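Asks: Structure file final.tsv, TSV, C-alpha atoms, is pasted below:
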```
chain	number	residue	atom	x	y	z
M	1	MET	CA	-6.98	23.37	7.04
M	2	ALA	CA	-6.74	24.66	3.48
M	3	LEU	CA	-3.38	25.81	2.15
M	4	SER	CA	-2.69	29.49	2.59
M	5	ALA	CA	-1.63	31.47	-0.47
M	6	GLU	CA	1.88	31.77	0.97
M	7	GLU	CA	2.16	28.05	1.67
M	8	LYS	CA	0.89	27.15	-1.79
M	9	GLN	CA	3.38	29.51	-3.42
M	10	ARG	CA	6.21	27.99	-1.38
M	11	LEU	CA	5.24	24.49	-2.51
M	12	GLN	CA	4.98	25.59	-6.14
M	13	GLU	CA	8.44	27.16	-6.01
M	14	LEU	CA	9.87	24.00	-4.43
M	15	ALA	CA	8.23	21.86	-7.12
M	16	ARG	CA	9.75	23.97	-9.88
M	17	ALA	CA	13.20	23.83	-8.27
M	18	LEU	CA	12.92	20.06	-7.92
M	19	ARG	CA	11.96	19.61	-11.58
M	20	LEU	CA	15.06	21.58	-12.59
M	21	THR	CA	17.22	19.41	-10.34
M	22	MET	CA	15.73	16.25	-11.84
M	23	ILE	CA	16.79	17.39	-15.30
M	24	ASP	CA	20.29	18.03	-13.90
M	25	VAL	CA	20.31	14.51	-12.44
M	26	MET	CA	19.39	13.10	-15.85
M	27	ALA	CA	22.41	14.93	-17.31
M	28	TRP	CA	24.85	14.04	-14.49
M	29	SER	CA	23.89	10.36	-14.49
M	30	GLY	CA	23.75	9.91	-18.24
M	31	GLY	CA	20.06	9.02	-18.16
M	32	ALA	CA	17.06	8.60	-15.90
M	33	HIS	CA	13.46	7.45	-15.68
M	34	ILE	CA	12.51	11.07	-16.15
M	35	GLY	CA	8.86	10.85	-17.28
M	36	GLY	CA	7.60	9.12	-14.15
M	37	SER	CA	9.82	11.26	-11.94
M	38	LEU	CA	8.35	14.49	-13.27
M	39	SER	CA	4.80	13.19	-12.79
M	40	ILE	CA	5.19	12.75	-9.01
M	41	VAL	CA	6.81	16.10	-8.15
M	42	GLU	CA	3.78	17.72	-6.50
M	43	ILE	CA	2.99	14.53	-4.58
M	44	LEU	CA	6.50	14.27	-3.15
M	45	THR	CA	6.71	18.00	-2.48
M	46	ILE	CA	3.58	18.22	-0.34
M	47	LEU	CA	4.44	14.99	1.48
M	48	TYR	CA	7.99	15.95	2.39
M	49	PHE	CA	7.43	19.65	2.99
M	50	LYS	CA	4.09	19.53	4.80
M	51	TYR	CA	2.77	16.14	5.88
M	52	LEU	CA	5.45	13.61	6.76
M	53	ASN	CA	6.54	13.79	10.39
M	54	ILE	CA	10.27	13.27	9.88
M	55	ASP	CA	13.59	14.61	11.14
M	56	PRO	CA	16.50	14.74	8.64
M	57	GLN	CA	18.88	15.16	11.58
M	58	ASN	CA	17.60	11.89	13.04
M	59	PRO	CA	16.68	9.77	9.98
M	60	LYS	CA	16.17	6.56	12.00
M	61	TRP	CA	13.84	8.18	14.55
M	62	GLU	CA	11.52	5.34	15.47
M	63	ASP	CA	8.37	7.49	15.62
M	64	ARG	CA	8.81	9.02	12.17
M	65	ASP	CA	6.28	8.57	9.40
M	66	ARG	CA	7.43	6.11	6.74
M	67	PHE	CA	7.45	6.60	2.98
M	68	ILE	CA	7.85	3.86	0.37
M	69	LEU	CA	8.48	4.66	-3.27
M	70	SER	CA	7.05	1.47	-4.70
M	71	LYS	CA	7.74	2.73	-8.24
M	72	GLY	CA	11.44	2.64	-7.38
M	73	HIS	CA	12.59	3.45	-10.91
M	74	ALA	CA	11.59	7.06	-10.16
M	75	ALA	CA	14.59	7.46	-7.86
M	76	ALA	CA	15.73	10.41	-9.99
M	77	GLY	CA	12.64	12.19	-8.68
M	78	TYR	CA	12.74	10.90	-5.12
M	79	ILE	CA	16.41	11.33	-4.17
M	80	PRO	CA	16.53	15.06	-5.05
M	81	VAL	CA	13.57	15.55	-2.69
M	82	LEU	CA	15.52	13.91	0.14
M	83	ALA	CA	18.46	16.20	-0.62
M	84	LYS	CA	16.25	19.30	-0.70
M	85	ARG	CA	14.69	18.23	2.62
M	86	GLY	CA	18.15	18.17	4.20
M	87	TYR	CA	19.12	14.51	4.48
M	88	PHE	CA	22.36	15.04	2.55
M	89	PRO	CA	24.00	17.87	0.54
M	90	GLU	CA	22.48	18.61	-2.84
M	91	GLU	CA	25.99	18.75	-4.26
M	92	THR	CA	26.25	14.96	-3.85
M	93	LEU	CA	23.52	14.46	-6.47
M	94	LYS	CA	26.21	15.03	-9.10
M	95	THR	CA	27.39	11.48	-8.36
M	96	PHE	CA	23.98	9.96	-9.20
M	97	ASN	CA	24.46	6.50	-10.76
M	98	HIS	CA	28.27	6.86	-10.78
M	99	PHE	CA	30.52	4.09	-9.50
M	100	GLY	CA	30.67	4.15	-5.70
M	101	SER	CA	27.72	6.54	-5.34
M	102	PRO	CA	24.92	5.74	-2.86
M	103	PHE	CA	22.46	6.93	-5.50
M	104	ALA	CA	21.40	4.52	-8.24
M	105	MET	CA	18.49	4.11	-10.62
M	106	HIS	CA	16.55	2.46	-7.79
M	107	PRO	CA	16.77	3.56	-4.14
M	108	ASP	CA	18.71	1.42	-1.65
M	109	CYS	CA	17.70	2.05	1.97
M	110	ASN	CA	21.08	0.75	3.16
M	111	LYS	CA	22.85	3.50	1.22
M	112	VAL	CA	20.46	6.44	0.83
M	113	ILE	CA	19.95	8.39	4.06
M	114	GLY	CA	16.25	8.99	4.69
M	115	CYS	CA	15.07	6.16	2.44
M	116	ASP	CA	12.80	3.76	4.35
M	117	ALA	CA	12.63	0.92	1.81
M	118	SER	CA	14.64	-0.41	-1.10
M	119	ALA	CA	12.54	-0.59	-4.24
M	120	GLY	CA	12.80	-1.59	-7.84
M	121	SER	CA	10.86	-4.80	-8.28
M	122	LEU	CA	7.46	-3.38	-9.07
M	123	GLY	CA	4.51	-4.49	-6.98
M	124	HIS	CA	6.39	-4.96	-3.70
M	125	GLY	CA	5.93	-1.58	-2.06
M	126	LEU	CA	2.38	-1.94	-0.82
M	127	SER	CA	3.16	-5.27	0.84
M	128	MET	CA	5.96	-3.55	2.77
M	129	ALA	CA	3.56	-0.76	3.72
M	130	VAL	CA	1.08	-3.30	5.10
M	131	GLY	CA	3.87	-4.82	7.20
M	132	LEU	CA	4.84	-1.40	8.54
M	133	GLY	CA	1.21	-0.61	9.31
M	134	LEU	CA	0.80	-3.86	11.25
M	135	GLY	CA	4.10	-3.22	13.03
M	136	ALA	CA	3.02	0.26	14.10
M	137	ARG	CA	-0.17	-1.19	15.57
M	138	GLN	CA	1.74	-3.93	17.40
M	139	LEU	CA	4.17	-1.38	18.84
M	140	ASN	CA	1.37	1.08	19.65
M	141	LYS	CA	3.00	3.71	17.43
M	142	ALA	CA	1.08	6.54	15.78
M	143	TYR	CA	3.17	6.88	12.62
M	144	LYS	CA	1.66	6.72	9.15
M	145	THR	CA	3.07	4.78	6.21
M	146	VAL	CA	2.61	6.26	2.75
M	147	CYS	CA	3.18	4.09	-0.33
M	148	LEU	CA	3.48	5.72	-3.74
M	149	MET	CA	2.77	3.30	-6.58
M	150	GLY	CA	2.84	3.57	-10.33
M	151	ASP	CA	-0.30	2.73	-12.26
M	152	GLY	CA	1.67	0.23	-14.37
M	153	GLU	CA	2.55	-1.82	-11.31
M	154	CYS	CA	-1.14	-2.19	-10.53
M	155	CYS	CA	-0.96	-5.04	-13.06
M	156	GLU	CA	0.90	-7.02	-10.39
M	157	GLY	CA	-1.07	-9.49	-8.29
M	158	SER	CA	0.99	-8.66	-5.22
M	159	ILE	CA	-0.54	-5.16	-5.20
M	160	TRP	CA	-4.01	-6.63	-4.89
M	161	GLU	CA	-3.02	-9.18	-2.24
M	162	ALA	CA	-1.62	-6.32	-0.17
M	163	ALA	CA	-4.69	-4.18	-0.85
M	164	MET	CA	-6.96	-6.95	0.38
M	165	SER	CA	-4.80	-7.42	3.50
M	166	ALA	CA	-4.74	-3.71	4.38
M	167	ALA	CA	-8.52	-3.53	4.26
M	168	HIS	CA	-8.96	-6.80	6.16
M	169	PHE	CA	-6.72	-5.61	8.99
M	170	LYS	CA	-8.33	-2.14	8.95
M	171	LEU	CA	-5.03	-0.35	8.49
M	172	GLY	CA	-6.09	3.25	8.68
M	173	ASN	CA	-2.42	4.06	9.27
M	174	VAL	CA	-1.59	3.19	5.64
M	175	ILE	CA	-2.09	5.66	2.79
M	176	GLY	CA	-1.69	4.45	-0.77
M	177	ILE	CA	-1.13	6.83	-3.68
M	178	VAL	CA	-1.30	5.75	-7.31
M	179	ASP	CA	0.54	7.94	-9.83
M	180	ARG	CA	-2.09	7.59	-12.54
M	181	ASN	CA	-0.15	9.02	-15.48
M	182	LYS	CA	-1.67	6.36	-17.78
M	183	LEU	CA	1.67	5.34	-19.31
M	184	MET	CA	4.03	2.47	-18.58
M	185	ILE	CA	7.28	1.37	-20.18
M	186	ASP	CA	5.68	-0.09	-23.33
M	187	GLY	CA	2.85	2.35	-23.91
M	188	PHE	CA	-0.50	3.43	-22.52
M	189	THR	CA	-1.73	1.27	-19.65
M	190	GLU	CA	-5.10	0.76	-21.27
M	191	ASP	CA	-3.41	-0.73	-24.33
M	192	VAL	CA	-0.86	-2.88	-22.48
M	193	MET	CA	-3.10	-4.12	-19.64
M	194	ALA	CA	-6.32	-2.22	-19.06
M	195	LEU	CA	-6.80	-1.01	-15.48
M	196	GLU	CA	-10.12	0.77	-15.63
M	197	PRO	CA	-12.32	1.07	-13.68
M	198	LEU	CA	-9.31	1.48	-11.37
M	199	ALA	CA	-10.99	3.50	-8.62
M	200	ASP	CA	-13.85	1.02	-8.37
M	201	LYS	CA	-11.39	-1.87	-8.08
M	202	TRP	CA	-9.73	-0.28	-5.05
M	203	ARG	CA	-13.13	0.40	-3.52
M	204	ALA	CA	-14.10	-3.23	-4.09
M	205	PHE	CA	-11.00	-4.24	-2.12
M	206	GLY	CA	-12.20	-2.19	0.85
M	207	TRP	CA	-10.30	1.08	0.46
M	208	GLU	CA	-11.69	4.58	0.62
M	209	VAL	CA	-10.72	6.17	-2.68
M	210	LEU	CA	-10.11	9.85	-3.26
M	211	GLU	CA	-9.60	10.93	-6.88
M	212	VAL	CA	-7.55	14.10	-7.35
M	213	ASP	CA	-5.52	16.10	-9.82
M	214	GLY	CA	-2.03	14.99	-8.84
M	215	HIS	CA	-0.53	18.33	-9.85
M	216	ASP	CA	-2.98	20.45	-7.83
M	217	PHE	CA	-1.67	21.23	-4.35
M	218	ASP	CA	-5.13	22.17	-3.03
M	219	GLU	CA	-6.63	18.83	-4.06
M	220	LEU	CA	-3.64	16.86	-2.78
M	221	ASP	CA	-3.76	18.72	0.52
M	222	LYS	CA	-7.44	17.98	1.04
M	223	ALA	CA	-6.94	14.27	0.28
M	224	LEU	CA	-3.85	13.90	2.48
M	225	GLU	CA	-5.56	15.69	5.35
M	226	LYS	CA	-8.31	13.07	5.17
M	227	GLY	CA	-5.71	10.31	4.93
M	228	TRP	CA	-3.92	11.53	8.03
M	229	ALA	CA	-7.23	11.60	9.94
M	230	ALA	CA	-8.18	8.02	8.99
M	231	THR	CA	-8.18	5.41	11.75
M	232	LYS	CA	-9.73	2.15	10.50
M	233	THR	CA	-9.94	2.29	6.70
M	234	PRO	CA	-6.91	2.53	4.39
M	235	ILE	CA	-7.04	5.52	2.06
M	236	LEU	CA	-6.12	5.32	-1.63
M	237	ILE	CA	-5.40	8.60	-3.38
M	238	LEU	CA	-5.81	8.13	-7.12
M	239	ALA	CA	-3.69	10.99	-8.42
M	240	ASN	CA	-4.34	11.79	-12.06
M	241	THR	CA	-1.04	13.05	-13.43
M	242	ILE	CA	0.82	13.71	-16.66
M	243	LYS	CA	3.96	11.74	-17.43
M	244	GLY	CA	6.79	14.18	-18.07
M	245	LYS	CA	4.82	17.05	-16.47
M	246	GLY	CA	6.41	20.45	-16.92
M	247	VAL	CA	8.43	19.64	-20.04
M	248	ASP	CA	6.13	20.00	-23.04
M	249	PHE	CA	7.94	17.62	-25.39
M	250	MET	CA	8.09	14.92	-22.68
M	251	GLU	CA	4.45	15.15	-21.59
M	252	ASN	CA	2.40	12.02	-22.40
M	253	ASN	CA	5.32	10.72	-24.45
M	254	VAL	CA	6.32	7.11	-23.75
M	255	VAL	CA	9.77	7.77	-25.27
M	256	TYR	CA	10.62	9.60	-22.04
M	257	HIS	CA	9.82	6.75	-19.68
M	258	TYR	CA	13.61	6.44	-19.60
M	259	ALA	CA	15.85	8.83	-21.47
M	260	SER	CA	19.41	10.01	-21.66
M	261	GLY	CA	19.86	13.71	-22.18
M	262	ASP	CA	22.62	15.61	-23.88
M	263	SER	CA	23.28	19.19	-22.83
M	264	ALA	CA	21.07	20.69	-25.53
M	265	LEU	CA	18.07	18.51	-24.61
M	266	CYS	CA	18.51	19.24	-20.90
M	267	GLU	CA	18.72	22.99	-21.49
M	268	ARG	CA	15.60	22.79	-23.63
M	269	ALA	CA	13.80	20.86	-20.86
M	270	LYS	CA	14.86	23.37	-18.19
M	271	ALA	CA	13.66	26.25	-20.36
M	272	CYS	CA	10.22	24.60	-20.53
M	273	ILE	CA	10.09	24.29	-16.73
M	274	LEU	CA	11.14	27.89	-16.21
M	275	ASN	CA	8.53	29.14	-18.66
M	276	ASN	CA	5.65	27.12	-17.17
```
Starting from the file, lay out its structure as structure tokens.

Replies:
Amino acid sequence: MALSAEEKQRLQELARALRLTMIDVMAWSGGAHIGGSLSIVEILTILYFKYLNIDPQNPKWEDRDRFILSKGHAAAGYIPVLAKRGYFPEETLKTFNHFGSPFAMHPDCNKVIGCDASAGSLGHGLSMAVGLGLGARQLNKAYKTVCLMGDGECCEGSIWEAAMSAAHFKLGNVIGIVDRNKLMIDGFTEDVMALEPLADKWRAFGWEVLEVDGHDFDELDKALEKGWAATKTPILILANTIKGKGVDFMENNVVYHYASGDSALCERAKACILNN
């Protein structure tokens, strides 16, 4: 069912609030992988506030849907979403990347409540998702596993081994999402290691591919609805996004793959978000 105007407005307001919090996290922690965190805001928002069947009061509920942030360096985007969803107080985000904090530059599932998988070594997330999909089938569980990947990590061979396995085992309970912001740590993906035709490569590996605007809630909703209905074919949502989305001087700027922000820069970034 299409998003109602009220539901879409609620998601948009949540996305804006989350972007502001991510800038705060960058300031509190002394730095963050901010560009790739800002590019996945709408994806995380619609997943955590509409689609994922989860219970923050019972984070280890065995029938919950699973989410894997394969691009684990975007923890500064992911952990604020968990806080906003109610897994822990938002006030605790002020400790991000401080000594003794559960929150670091990469998520640790043994420390972060609501986190289903530790991540950081790029290319590993989809393999874990395949394992969870096979486990759900073995246990006769109905939960879905969603794996959010960066486009840069699609250079890793382990991604393609996992992609081939998911299709071979007909894991319709696995949904892959690629944050196609076209930038990686050293520059544009097509300059560092060309990925195109990326959609056709996933199709060749046996996935159904849905290409969407990764900042458009209507398009994301339509694709995720199809992903949740899938039974035998894994779905890959190729989400075309903008690195640094919402902050004009960060958008499509590789300098902001990782950045530290003084108070003036952070206030400037928040002003951009508020004026968007």

Asks: Write out as a Markdown table the residues of range 41-137 of chain M that have any atom within 12 Å of an atom of range 141-157 of chain M, one row each with the nearest atom pair and its distance in Å to one decimal, counting only C-alpha atoms, sorted by chain and then rising number.

Replies:
```
| residue | atom | partner | partner_atom | distance |
| --- | --- | --- | --- | --- |
| M:Val41 | CA | M:Leu148 | CA | 11.8 |
| M:Ile43 | CA | M:Leu148 | CA | 8.9 |
| M:Leu44 | CA | M:Leu148 | CA | 9.1 |
| M:Leu47 | CA | M:Val146 | CA | 9.0 |
| M:Tyr48 | CA | M:Val146 | CA | 11.1 |
| M:Tyr51 | CA | M:Lys144 | CA | 10.0 |
| M:Leu52 | CA | M:Lys144 | CA | 8.2 |
| M:Asn53 | CA | M:Tyr143 | CA | 8.0 |
| M:Ile54 | CA | M:Tyr143 | CA | 9.9 |
| M:Trp61 | CA | M:Tyr143 | CA | 10.9 |
| M:Glu62 | CA | M:Lys141 | CA | 8.9 |
| M:Asp63 | CA | M:Tyr143 | CA | 6.0 |
| M:Arg64 | CA | M:Tyr143 | CA | 6.0 |
| M:Asp65 | CA | M:Tyr143 | CA | 4.8 |
| M:Arg66 | CA | M:Thr145 | CA | 4.6 |
| M:Phe67 | CA | M:Val146 | CA | 4.9 |
| M:Ile68 | CA | M:Cys147 | CA | 4.7 |
| M:Leu69 | CA | M:Leu148 | CA | 5.1 |
| M:Ser70 | CA | M:Met149 | CA | 5.0 |
| M:Lys71 | CA | M:Met149 | CA | 5.3 |
| M:Gly72 | CA | M:Met149 | CA | 8.7 |
| M:His73 | CA | M:Gly150 | CA | 9.8 |
| M:Ala74 | CA | M:Gly150 | CA | 9.4 |
| M:Ala75 | CA | M:Leu148 | CA | 12.0 |
| M:Tyr78 | CA | M:Leu148 | CA | 10.7 |
| M:Asp116 | CA | M:Thr145 | CA | 10.0 |
| M:Ala117 | CA | M:Cys147 | CA | 10.2 |
| M:Ala119 | CA | M:Met149 | CA | 10.8 |
| M:Gly120 | CA | M:Glu153 | CA | 10.8 |
| M:Ser121 | CA | M:Glu153 | CA | 9.3 |
| M:Leu122 | CA | M:Glu153 | CA | 5.6 |
| M:Gly123 | CA | M:Glu153 | CA | 5.5 |
| M:His124 | CA | M:Glu156 | CA | 8.9 |
| M:Gly125 | CA | M:Cys147 | CA | 6.5 |
| M:Leu126 | CA | M:Cys147 | CA | 6.1 |
| M:Ser127 | CA | M:Cys147 | CA | 9.4 |
| M:Met128 | CA | M:Cys147 | CA | 8.7 |
| M:Ala129 | CA | M:Thr145 | CA | 6.1 |
| M:Val130 | CA | M:Thr145 | CA | 8.4 |
| M:Gly131 | CA | M:Thr145 | CA | 9.7 |
| M:Leu132 | CA | M:Thr145 | CA | 6.8 |
| M:Gly133 | CA | M:Thr145 | CA | 6.5 |
| M:Leu134 | CA | M:Lys141 | CA | 10.0 |
| M:Gly135 | CA | M:Lys141 | CA | 8.3 |
| M:Ala136 | CA | M:Lys141 | CA | 4.8 |
| M:Arg137 | CA | M:Lys141 | CA | 6.1 |
```

Asks: When distances are computed from only C-alpha atoms, which of M:Ala5, M:Cys272, M:Val212, M:Leu220 shows the smallest separation from Val247 in chain M?

Replies: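 Distance minimum relative to Val247 in chain M lands on M:Cys272.
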
Asks: Looking at all atoms listed in the file, which of M:Lys60, M:Asp186, M:Ile273, M:Ala239 is the one that sits closest to Asn110 in chain M?

Replies: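 Nearest candidate to Asn110 in chain M out of M:Lys60, M:Asp186, M:Ile273, M:Ala239: M:Lys60.
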
Asks: Return the single residue from M:Arg16, M:Lys226, M:Arg10, M:Lys201 that is closest to Val174 in chain M, with distances computed using only C-alpha atoms.

Replies: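 Distance minimum relative to Val174 in chain M lands on M:Lys226.
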
Asks: What's the separation between CA of Pro107 in chain M and CA of Leu238 in chain M, in Å to one decimal place?

Replies: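 Taking CA of Pro107 in chain M and CA of Leu238 in chain M, their separation equals 23.2 Å.
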
Asks: Please list as a PyMOL selection string every residue within 12 Å of Asp200 in chain M, counting all atoms listed in the file and excluding residues in the same chain fewer than 6 positions away.

Replies: chain M and resi 206-211+236+238

Asks: Which of these, M:Ile34, M:Leu20, M:Val81, M:Ala204, has the shortest distance to Lys270 in chain M once you count all atoms listed in the file?

Replies: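 So, comparing all the options, the nearest one is M:Leu20.
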
Asks: Choose the residue, out of M:Phe217, M:Phe103, M:Tyr258, M:Phe249, that has the smallest atom-to-atom separation from Leu11 in chain M; count all atoms listed in the file.

Replies: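 Closest candidate: M:Phe217.
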
Asks: One decimal, Å: what's the distance from CA of Asn275 in chain M over to CA of Gly261 in chain M, could you say?

Replies: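 The value is 19.5 Å.
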
Asks: Counting only C-alpha atoms, which of M:Ile113, M:Ala259, M:Leu171, M:Leu274 gets nearest to Ala76 in chain M?

Replies: M:Ala259

Asks: By how many Å are CA of Phe88 in chain M and CA of Ser39 in chain M apart?

Replies: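 Interatomic distance, CA of Phe88 in chain M to CA of Ser39 in chain M: 23.4 Å.
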
Asks: Set out as a tab-separated table a contact list for range 54-105 of chain M and range 27-33 of chain M with a cut-off of 6 Å, giving each residue of range 54-105 of chain M that qualifies its closest atom pair and distance in Å to one decimal, counting only C-alpha atoms, ordered by chain and rising residue number.

Replies:
```
residue	atom	partner	partner_atom	distance
M:Ala74	CA	M:His33	CA	5.8
M:Lys94	CA	M:Trp28	CA	5.6
M:Phe96	CA	M:Ser29	CA	5.3
M:Asn97	CA	M:Ser29	CA	5.4
```

Asks: Would you export the selected residues with C-alpha atoms as a short mmCIF file (atom, residue, chain, number, x, y, z; two decimals), in the coordinates of the input, please?

Replies:
```cif
data_model
loop_
_atom_site.label_atom_id
_atom_site.label_comp_id
_atom_site.auth_asym_id
_atom_site.auth_seq_id
_atom_site.Cartn_x
_atom_site.Cartn_y
_atom_site.Cartn_z
CA ALA M 74 11.59 7.06 -10.16
CA LYS M 94 26.21 15.03 -9.10
CA PHE M 96 23.98 9.96 -9.20
CA ASN M 97 24.46 6.50 -10.76
#
```

Asks: For range 122-136 of chain M, I'd like the enclosing box, axis-aligned and padded by 5 Å on every side, reported as JSON with centre and edge lengths in Å to one decimal.

Replies:
```
{"center_x": 4.1, "center_y": -2.5, "center_z": 2.5, "size_x": 16.7, "size_y": 15.5, "size_z": 33.2}
```

Asks: Return range 58-81 of chain M, completed with N, CA and C atoms, as a PDB file, in the frame of the given file.

Replies:
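Output file result-v6.pdb follows:
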```
ATOM      1  N   ASN M  58      17.739  13.172  12.340  1.00  0.00           N
ATOM      2  CA  ASN M  58      17.600  11.890  13.040  1.00  0.00           C
ATOM      3  C   ASN M  58      16.820  10.937  12.135  1.00  0.00           C
ATOM      4  N   PRO M  59      17.427  10.509  11.014  1.00  0.00           N
ATOM      5  CA  PRO M  59      16.680   9.770   9.980  1.00  0.00           C
ATOM      6  C   PRO M  59      16.127   8.424  10.435  1.00  0.00           C
ATOM      7  N   LYS M  60      16.662   7.854  11.503  1.00  0.00           N
ATOM      8  CA  LYS M  60      16.170   6.560  12.000  1.00  0.00           C
ATOM      9  C   LYS M  60      15.236   6.714  13.200  1.00  0.00           C
ATOM     10  N   TRP M  61      14.780   7.922  13.452  1.00  0.00           N
ATOM     11  CA  TRP M  61      13.840   8.180  14.550  1.00  0.00           C
ATOM     12  C   TRP M  61      12.681   7.190  14.476  1.00  0.00           C
ATOM     13  N   GLU M  62      12.467   6.461  15.546  1.00  0.00           N
ATOM     14  CA  GLU M  62      11.520   5.340  15.470  1.00  0.00           C
ATOM     15  C   GLU M  62      10.064   5.781  15.349  1.00  0.00           C
ATOM     16  N   ASP M  63       9.755   7.021  15.705  1.00  0.00           N
ATOM     17  CA  ASP M  63       8.370   7.490  15.620  1.00  0.00           C
ATOM     18  C   ASP M  63       8.081   8.258  14.341  1.00  0.00           C
ATOM     19  N   ARG M  64       9.023   8.283  13.412  1.00  0.00           N
ATOM     20  CA  ARG M  64       8.810   9.020  12.170  1.00  0.00           C
ATOM     21  C   ARG M  64       7.745   8.354  11.301  1.00  0.00           C
ATOM     22  N   ASP M  65       7.109   9.142  10.458  1.00  0.00           N
ATOM     23  CA  ASP M  65       6.280   8.570   9.400  1.00  0.00           C
ATOM     24  C   ASP M  65       7.188   7.888   8.385  1.00  0.00           C
ATOM     25  N   ARG M  66       6.669   6.852   7.747  1.00  0.00           N
ATOM     26  CA  ARG M  66       7.430   6.110   6.740  1.00  0.00           C
ATOM     27  C   ARG M  66       6.908   6.425   5.346  1.00  0.00           C
ATOM     28  N   PHE M  67       7.830   6.428   4.376  1.00  0.00           N
ATOM     29  CA  PHE M  67       7.450   6.600   2.980  1.00  0.00           C
ATOM     30  C   PHE M  67       8.121   5.525   2.143  1.00  0.00           C
ATOM     31  N   ILE M  68       7.327   4.883   1.283  1.00  0.00           N
ATOM     32  CA  ILE M  68       7.850   3.860   0.370  1.00  0.00           C
ATOM     33  C   ILE M  68       7.565   4.282  -1.053  1.00  0.00           C
ATOM     34  N   LEU M  69       8.626   4.412  -1.839  1.00  0.00           N
ATOM     35  CA  LEU M  69       8.480   4.660  -3.270  1.00  0.00           C
ATOM     36  C   LEU M  69       8.411   3.303  -3.952  1.00  0.00           C
ATOM     37  N   SER M  70       7.195   2.796  -4.103  1.00  0.00           N
ATOM     38  CA  SER M  70       7.050   1.470  -4.700  1.00  0.00           C
ATOM     39  C   SER M  70       7.507   1.488  -6.166  1.00  0.00           C
ATOM     40  N   LYS M  71       7.249   2.592  -6.866  1.00  0.00           N
ATOM     41  CA  LYS M  71       7.740   2.730  -8.240  1.00  0.00           C
ATOM     42  C   LYS M  71       9.198   3.213  -8.158  1.00  0.00           C
ATOM     43  N   GLY M  72      10.060   2.293  -7.732  1.00  0.00           N
ATOM     44  CA  GLY M  72      11.440   2.640  -7.380  1.00  0.00           C
ATOM     45  C   GLY M  72      12.263   3.175  -8.529  1.00  0.00           C
ATOM     46  N   HIS M  73      11.838   2.926  -9.770  1.00  0.00           N
ATOM     47  CA  HIS M  73      12.590   3.450 -10.910  1.00  0.00           C
ATOM     48  C   HIS M  73      12.531   4.969 -10.987  1.00  0.00           C
ATOM     49  N   ALA M  74      11.672   5.599 -10.185  1.00  0.00           N
ATOM     50  CA  ALA M  74      11.590   7.060 -10.160  1.00  0.00           C
ATOM     51  C   ALA M  74      12.528   7.658  -9.114  1.00  0.00           C
ATOM     52  N   ALA M  75      13.623   6.966  -8.840  1.00  0.00           N
ATOM     53  CA  ALA M  75      14.590   7.460  -7.860  1.00  0.00           C
ATOM     54  C   ALA M  75      15.151   8.827  -8.254  1.00  0.00           C
ATOM     55  N   ALA M  76      15.229   9.111  -9.546  1.00  0.00           N
ATOM     56  CA  ALA M  76      15.730  10.410  -9.990  1.00  0.00           C
ATOM     57  C   ALA M  76      14.800  11.543  -9.587  1.00  0.00           C
ATOM     58  N   GLY M  77      13.568  11.209  -9.222  1.00  0.00           N
ATOM     59  CA  GLY M  77      12.640  12.190  -8.680  1.00  0.00           C
ATOM     60  C   GLY M  77      12.653  12.216  -7.169  1.00  0.00           C
ATOM     61  N   TYR M  78      12.822  11.055  -6.577  1.00  0.00           N
ATOM     62  CA  TYR M  78      12.740  10.900  -5.120  1.00  0.00           C
ATOM     63  C   TYR M  78      13.999  11.390  -4.396  1.00  0.00           C
ATOM     64  N   ILE M  79      15.168  11.013  -4.882  1.00  0.00           N
ATOM     65  CA  ILE M  79      16.410  11.330  -4.170  1.00  0.00           C
ATOM     66  C   ILE M  79      16.677  12.833  -4.122  1.00  0.00           C
ATOM     67  N   PRO M  80      16.395  13.605  -5.184  1.00  0.00           N
ATOM     68  CA  PRO M  80      16.530  15.060  -5.050  1.00  0.00           C
ATOM     69  C   PRO M  80      15.628  15.665  -3.983  1.00  0.00           C
ATOM     70  N   VAL M  81      14.456  15.060  -3.759  1.00  0.00           N
ATOM     71  CA  VAL M  81      13.570  15.550  -2.690  1.00  0.00           C
ATOM     72  C   VAL M  81      14.215  15.335  -1.329  1.00  0.00           C
TER      73      VAL M  81
END
```
